[in-house]
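J.: As input, take run15.cif (mmCIF, C-alpha atoms):
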data_final
#
loop_
_atom_site.label_atom_id
_atom_site.label_comp_id
_atom_site.auth_asym_id
_atom_site.auth_seq_id
_atom_site.Cartn_x
_atom_site.Cartn_y
_atom_site.Cartn_z
CA MET A 1 98.69 187.15 54.17
CA ASN A 2 101.99 185.31 54.46
CA GLN A 3 100.27 182.73 56.63
CA ARG A 4 97.64 182.13 53.94
CA LEU A 5 100.29 181.78 51.24
CA LYS A 6 102.14 179.34 53.44
CA LYS A 7 99.02 177.20 53.85
CA VAL A 8 98.38 177.28 50.09
CA ALA A 9 101.98 176.26 49.42
CA ILE A 10 101.71 173.35 51.84
CA TYR A 11 98.42 172.27 50.25
CA VAL A 12 99.88 172.40 46.74
CA PHE A 13 102.94 170.48 47.90
CA ALA A 14 100.74 167.79 49.48
CA ILE A 15 98.68 167.43 46.29
CA GLY A 16 101.84 167.20 44.23
CA LEU A 17 103.25 164.55 46.55
CA LEU A 18 100.03 162.52 46.31
CA VAL A 19 100.02 162.69 42.50
CA ALA A 20 103.67 161.68 42.40
CA SER A 21 102.98 158.75 44.75
CA ILE A 22 100.07 157.55 42.58
CA ALA A 23 102.18 157.82 39.45
CA LEU A 24 104.96 155.86 41.12
CA VAL A 25 102.55 153.10 42.18
CA GLU A 26 101.06 152.91 38.68
CA LYS A 27 104.53 152.73 37.19
CA LYS A 28 105.46 149.89 39.52
CA GLU A 29 102.19 148.07 38.73
CA ALA A 30 102.80 148.46 35.00
CA ALA A 31 106.30 147.04 35.42
CA LYS A 32 104.99 143.89 37.10
CA ALA A 33 104.83 140.71 35.08
CA LEU A 34 102.32 137.87 35.11
CA THR A 35 103.65 135.05 37.28
CA ALA A 36 100.82 132.50 37.27
CA ILE A 37 97.18 131.86 36.42
CA SER A 38 95.10 130.27 39.18
CA ILE A 39 91.61 128.93 38.47
CA TYR A 40 89.20 128.14 41.30
CA ILE A 41 85.81 126.51 40.61
CA HIS A 42 83.07 126.19 43.21
CA GLY A 43 81.66 122.66 42.85
CA VAL A 44 77.97 121.73 42.93
CA SER A 45 77.71 118.91 45.51
CA ASP A 46 81.26 118.00 44.50
CA VAL A 47 80.21 117.81 40.84
CA TYR A 48 82.03 119.99 38.33
CA PHE A 49 80.42 120.72 34.96
CA VAL A 50 83.42 122.78 33.94
CA ASP A 51 86.96 121.92 34.99
CA GLU A 52 90.14 123.91 35.46
CA GLU A 53 91.89 122.65 32.34
CA GLU A 54 88.85 123.38 30.19
CA LEU A 55 88.69 126.98 31.43
CA ARG A 56 92.43 127.43 30.99
CA GLU A 57 92.19 126.28 27.37
CA LEU A 58 89.17 128.55 26.83
CA ILE A 59 91.08 131.58 28.14
CA LEU A 60 94.32 130.88 26.29
CA SER A 61 92.50 130.26 23.00
CA GLU A 62 91.23 133.84 23.19
CA PHE A 63 94.35 135.34 24.80
CA PRO A 64 97.37 133.31 23.55
CA ASN A 65 99.85 135.90 24.89
CA LEU A 66 98.60 135.37 28.45
CA ARG A 67 101.79 133.65 29.55
CA GLU A 68 104.27 134.00 32.39
CA GLY A 69 106.31 137.17 31.99
CA LEU A 70 103.61 139.19 30.20
CA SER A 71 103.34 142.75 31.51
CA MET A 72 100.33 143.08 33.81
CA GLN A 73 99.51 146.30 31.96
CA GLU A 74 98.55 144.12 28.98
CA VAL A 75 96.22 141.89 30.98
CA ASN A 76 92.58 142.85 30.34
CA LEU A 77 90.69 141.54 33.36
CA HIS A 78 87.26 142.53 32.01
CA ALA A 79 87.83 140.80 28.66
CA ILE A 80 88.97 137.59 30.38
CA GLU A 81 85.94 137.66 32.68
CA LYS A 82 83.62 138.12 29.69
CA LYS A 83 85.18 135.14 27.93
CA VAL A 84 84.78 132.90 30.99
CA LEU A 85 81.14 133.94 31.38
CA ALA A 86 80.50 132.76 27.81
CA HIS A 87 80.81 129.15 29.02
CA ALA A 88 77.32 127.65 29.29
CA PHE A 89 77.77 126.30 32.83
CA VAL A 90 79.46 129.39 34.30
CA LYS A 91 77.01 131.37 36.40
CA GLU A 92 79.35 133.96 37.87
CA ALA A 93 83.00 134.81 37.23
CA GLU A 94 85.44 137.11 38.96
CA VAL A 95 88.94 137.78 37.59
CA TYR A 96 91.51 139.62 39.69
CA ARG A 97 95.26 139.90 40.28
CA ASP A 98 97.42 140.21 43.37
CA VAL A 99 100.55 142.22 44.17
CA LYS A 100 102.79 139.28 43.20
CA GLY A 101 101.46 139.14 39.65
CA LYS A 102 99.22 136.08 40.05
CA LEU A 103 96.01 136.15 38.02
CA THR A 104 93.05 134.43 39.70
CA VAL A 105 89.87 133.28 37.95
CA GLU A 106 87.08 132.38 40.38
CA VAL A 107 83.97 130.68 39.01
CA LYS A 108 80.54 129.68 40.29
CA GLN A 109 78.56 127.13 38.28
CA HIS A 110 74.90 126.91 37.37
CA VAL A 111 73.10 124.29 39.47
CA PRO A 112 71.14 121.66 37.44
CA ILE A 113 68.06 120.38 39.30
CA ALA A 114 66.30 118.44 36.52
CA ARG A 115 67.13 116.82 33.19
CA ILE A 116 64.92 116.72 30.11
CA VAL A 117 65.44 113.38 28.37
CA ARG A 118 64.78 112.84 24.66
CA SER A 119 65.06 109.65 22.60
CA MET A 120 65.75 111.33 19.26
CA ALA A 121 67.84 114.33 20.32
CA ALA A 122 70.25 115.54 22.97
CA ASP A 123 69.08 115.94 26.55
CA ALA A 124 69.15 119.22 28.44
CA TYR A 125 69.44 120.39 32.04
CA ILE A 126 67.14 122.77 33.90
CA THR A 127 68.96 124.93 36.45
CA ASP A 128 67.72 126.26 39.78
CA GLU A 129 67.16 129.60 38.02
CA GLY A 130 64.94 128.07 35.34
CA LEU A 131 67.55 128.18 32.59
CA VAL A 132 67.75 125.38 30.03
CA LEU A 133 71.36 124.31 29.40
CA PRO A 134 72.96 121.61 27.24
CA THR A 135 74.25 118.53 29.01
CA SER A 136 77.97 118.15 29.62
CA SER A 137 79.98 115.51 27.78
CA LYS A 138 82.37 115.31 30.74
CA HIS A 139 80.16 115.32 33.80
CA THR A 140 76.65 114.27 34.84
CA LYS A 141 74.55 114.80 37.93
CA ARG A 142 71.74 112.61 39.21
CA VAL A 143 68.63 114.80 39.09
CA ILE A 144 64.89 114.46 38.41
CA LEU A 145 64.22 113.25 34.85
CA LEU A 146 61.52 114.92 32.75
CA SER A 147 60.14 112.99 29.78
CA GLY A 148 57.23 113.28 27.36
CA LYS A 149 56.19 115.55 24.51
CA PHE A 150 55.51 118.60 26.66
CA ALA A 151 58.78 118.18 28.56
CA GLU A 152 60.68 118.21 25.26
CA GLN A 153 59.00 121.49 24.32
CA LEU A 154 60.49 123.12 27.42
CA ILE A 155 63.92 123.03 25.78
CA GLY A 156 62.88 125.86 23.48
CA GLU A 157 62.16 128.23 26.37
CA GLU A 158 64.62 130.90 27.44
CA ASN A 159 63.63 130.83 31.09
CA LEU A 160 61.12 128.41 32.64
CA LEU A 161 60.56 130.55 35.74
CA SER A 162 58.79 133.12 33.60
CA ALA A 163 57.36 130.74 30.96
CA TYR A 164 56.06 127.94 33.23
CA PRO A 165 56.32 128.97 36.90
CA LYS A 166 54.03 126.14 38.11
CA ILE A 167 56.18 123.51 36.41
CA MET A 168 59.22 125.00 38.15
CA ASP A 169 57.31 124.95 41.46
CA LEU A 170 56.75 121.21 41.02
CA ILE A 171 60.43 120.61 40.25
CA TYR A 172 61.47 122.74 43.24
CA PHE A 173 59.04 120.90 45.52
CA ILE A 174 60.61 117.54 44.73
CA TYR A 175 64.21 118.74 44.50
CA ARG A 176 64.17 120.53 47.86
CA ASP A 177 62.70 117.62 49.82
CA ASP A 178 65.08 114.76 50.61
CA PHE A 179 62.32 112.14 50.68
CA TRP A 180 60.56 113.15 47.45
CA ARG A 181 63.86 113.66 45.63
CA ALA A 182 64.77 110.05 46.44
CA GLN A 183 61.28 108.64 45.81
CA ILE A 184 60.36 110.43 42.54
CA PRO A 185 63.13 109.86 39.95
CA GLU A 186 61.04 110.74 36.88
CA ILE A 187 58.17 113.01 35.84
CA GLU A 188 56.36 112.30 32.60
CA MET A 189 54.73 115.32 30.94
CA ALA A 190 52.63 114.42 27.91
CA LYS A 191 50.86 117.77 28.21
CA GLU A 192 51.07 120.68 30.62
CA HIS A 193 47.97 119.37 32.41
CA ASP A 194 48.84 115.67 32.08
CA ILE A 195 51.67 114.98 34.52
CA LYS A 196 52.56 111.53 35.85
CA LEU A 197 55.03 110.66 38.60
CA TYR A 198 57.15 107.50 38.61
CA GLN A 199 58.30 106.11 41.95
CA GLN A 200 61.56 104.60 43.12
CA VAL A 201 59.72 102.31 45.54
CA GLY A 202 56.36 101.07 44.22
CA HIS A 203 55.51 100.35 40.60
CA GLN A 204 52.32 102.43 40.46
CA VAL A 205 52.21 105.39 38.09
CA ILE A 206 50.78 108.41 39.92
CA ASP A 207 48.44 110.53 37.81
CA PHE A 208 49.19 114.03 39.10
CA GLY A 209 47.14 116.15 36.69
CA ASP A 210 48.55 119.67 36.42
CA ALA A 211 51.19 121.33 38.59
CA SER A 212 48.75 123.04 40.94
CA ASP A 213 47.82 122.31 44.58
CA LEU A 214 51.19 120.73 45.28
CA GLU A 215 50.85 120.54 49.06
CA GLU A 216 47.45 118.85 48.84
CA LYS A 217 48.49 116.33 46.17
CA PHE A 218 51.70 115.28 47.89
CA HIS A 219 49.78 114.98 51.14
CA LYS A 220 47.46 112.50 49.41
CA ILE A 221 50.46 110.52 48.15
CA THR A 222 51.75 110.44 51.73
CA LEU A 223 48.39 109.01 52.86
CA LEU A 224 48.79 106.28 50.24
CA TYR A 225 52.14 105.31 51.70
CA GLU A 226 51.06 105.49 55.32
CA GLN A 227 47.47 104.17 55.26
CA ILE A 228 46.36 102.56 51.99
CA PHE A 229 49.35 100.57 50.68
CA PRO A 230 50.20 98.99 54.06
CA LYS A 231 46.62 97.66 54.31
CA LYS A 232 45.93 96.75 50.66
CA GLY A 233 49.47 95.78 49.70
CA TRP A 234 52.00 97.65 47.58
CA ASP A 235 51.13 95.53 44.53
CA ALA A 236 47.35 95.89 44.84
CA TYR A 237 47.13 98.78 42.34
CA THR A 238 48.93 99.67 39.12
CA LYS A 239 47.70 103.26 38.80
CA VAL A 240 46.85 105.96 41.31
CA SER A 241 45.33 109.40 40.71
CA VAL A 242 45.60 112.40 43.01
CA LYS A 243 44.52 115.00 40.47
CA PHE A 244 40.92 115.29 41.67
CA LYS A 245 40.05 117.59 44.55
CA ASN A 246 39.66 115.73 47.87
CA GLN A 247 39.94 112.32 46.19
CA ILE A 248 42.43 109.50 45.79
CA VAL A 249 41.55 107.09 42.97
CA CYS A 250 43.26 103.69 42.88
CA GLU A 251 42.99 101.14 40.06
#
Could you take the file, read its structure, and then write that structure out as structure tokens?

T.:
Amino acid sequence: MNQRLKKVAIYVFAIGLLVASIALVEKKEAAKALTAISIYIHGVSDVYFVDEEELRELILSEFPNLREGLSMQEVNLHAIEKKVLAHAFVKEAEVYRDVKGKLTVEVKQHVPIARIVRSMAADAYITDEGLVLPTSSKHTKRVILLSGKFAEQLIGEENLLSAYPKIMDLIYFIYRDDFWRAQIPEIEMAKEHDIKLYQQVGHQVIDFGDASDLEEKFHKITLLYEQIFPKKGWDAYTKVSVKFKNQIVCE
């Protein structure tokens, strides 16, 4: 019996010691003061659509007391993270602190892969996740340009991956291939099924039709470059169509 009581006493003592240790650590943490705010932004091909100073101003406008010497107990990591995520170009944000009182804000940006251009209104970017974002007044990135009435309508969509998956497939196809990304700078979309490609080398407008059968259509364009244009001359035609099944039409 005495042995059992002894074990219980030891157990209770150990629990009490653990609770006291936790309380001591929490007290020490609460006593710590903010020493610095560090902001780290992952660039997109060395392009930054949001910069450190902009994020710092965004955070301090919402949390003006977030200055050196502030008790870490008053620093709301979740609220700061939520504020950073409100920035249009911030894809992911993580806010954490270290034992020395430094607050770190780590940010990943959305990746623009195409740009919708409009003559009478502001342009917009399309990200690799199909989101439509406003352009940045501070930074630009060279991406595929989308023009035309239908392209402008895409700005009203919440997510193009769900609304127009085939259009996104076409954009991905060009963006992910080094050759096509360099050769096709602009896609004109008058209608969803009336797509035209403009070339970097060669003045011909390529009538692409809709955004289906991508492999077959780009294979036909490759045949143009490798077999037809070298024989007929690059200036022999002004318009080329690859929209018809098993046909290449040159005018």

J.: Please return, as a list in words, all polymer residues that have at least one atom within 8 Å of the point (62.5, 111.7, 23.5); use all atoms listed in the file and the file's own coordinate frame.

T.: Val117, Arg118, Ser119, Met120, Ala121, Ser147, Gly148, Lys149 and Glu152 of chain A

J.: Which residues are near stretch 155-161 of chain A? Cut-off 10 Å, all atoms listed in the file, ignore same chain within fewer than 3 positions. Put them as a PyMOL selection string.

T.: chain A and resi 116+123-134+150-152+164-169

J.: Could you tell me which residues the PyMOL selection byres ((chain A and resi 200) around 8) grabs in this file, written as a PyMOL selection string?

T.: chain A and resi 182-185+198-199+201-203

J.: Near stretch 32-45 of chain A, counting all atoms listed in the file, which residues have an atom at most 6 Å away, once you skip same-chain residues fewer than 3 positions from it, shown as a PyMOL selection string?

T.: chain A and resi 29+48+68-72+101-108

J.: Could you check which of A:Ile113, A:Ala163, A:Ala93, A:Val75 is closest to A:Val143, using only C-alpha atoms?

T.: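 With only C-alpha atoms as the atom set, the closest residue is A:Ile113.
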
J.: Measuring between only C-alpha atoms, which one of A:Glu216, A:Glu188, A:Glu81, A:Glu94 shows the shortest distance to A:Ile248?

T.: A:Glu216

J.: For the file shown, what are the residues hit by the PyMOL selection byres ((chain A and resi 58) around 12), laid out as a list of chain:residue names?

T.: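 Taken over the shown coordinates, the PyMOL selection byres ((chain A and resi 58) around 12) returns A:Ile39, A:Val50, A:Asp51, A:Glu52, A:Glu53, A:Glu54, A:Leu55, A:Arg56, A:Glu57, A:Ile59, A:Leu60, A:Ser61, A:Glu62, A:Phe63, A:Pro64, A:Leu66, A:Ile80, A:Glu81, A:Lys82, A:Lys83, A:Val84, A:Leu85, A:Ala86, A:His87.
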
J.: Neighbouring residues of A:Gly233 were defined as those with any atom within 12 Å, considering all atoms listed in the file; residues of the same chain fewer than 5 positions away were excluded. Please report them as a ChimeraX atom specification.

T.: /A:202-204,224-228,238

J.: In Å, how far is it from atom CA of A:Phe89 to atom CA of A:Ile187?

T.: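 For atom CA of A:Phe89 relative to atom CA of A:Ile187, the distance reads 23.9 Å.
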
J.: Calculated over all atoms listed in the file, which of the candidates A:Gly209, A:Phe49, A:Thr135, A:Asn76 has the smallest distance to A:Gln109?

T.: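 When distances to A:Gln109 are compared using all atoms listed in the file, the smallest one comes from A:Phe49.
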
J.: If you measure from atom CA of A:His219 to atom CA of A:Gln153, what distance in Å do you get, rounded to one decimal?

T.: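 Rounded to one decimal, the two atoms are 29.1 Å apart.
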
J.: Rank nothing, just name the residue among A:Ala114, A:Leu197, A:Val242, A:Leu146 nearest to A:Leu223, using all atoms listed in the file.

T.: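 Of A:Ala114, A:Leu197, A:Val242, A:Leu146, the one nearest A:Leu223, counting all atoms listed in the file, is A:Val242.
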
J.: What is the atom CA of A:Tyr96 to atom CA of A:His110 distance in Å?

T.: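 Atom CA of A:His110 lies 21.0 Å from atom CA of A:Tyr96.
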
J.: What's the 9 Å shell around A:Ala236, counting all atoms listed in the file, without same-chain residues fewer than 4 positions away, as a short mmCIF file (atom, residue, chain, number, x, y, z; two decimals) with C-alpha atoms, keeping the file's coordinate frame?

T.:
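Result went into result28.cif, see below:
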data_model
loop_
_atom_site.label_atom_id
_atom_site.label_comp_id
_atom_site.auth_asym_id
_atom_site.auth_seq_id
_atom_site.Cartn_x
_atom_site.Cartn_y
_atom_site.Cartn_z
CA PHE A 229 49.35 100.57 50.68
CA LYS A 232 45.93 96.75 50.66
CA GLU A 251 42.99 101.14 40.06
#

J.: Find the residue from A:Ala122, A:Val249, A:Ala211, A:Val111 that sits nearest to A:Ser137; use only C-alpha atoms when measuring.

T.: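 Distance minimum relative to A:Ser137 lands on A:Ala122.
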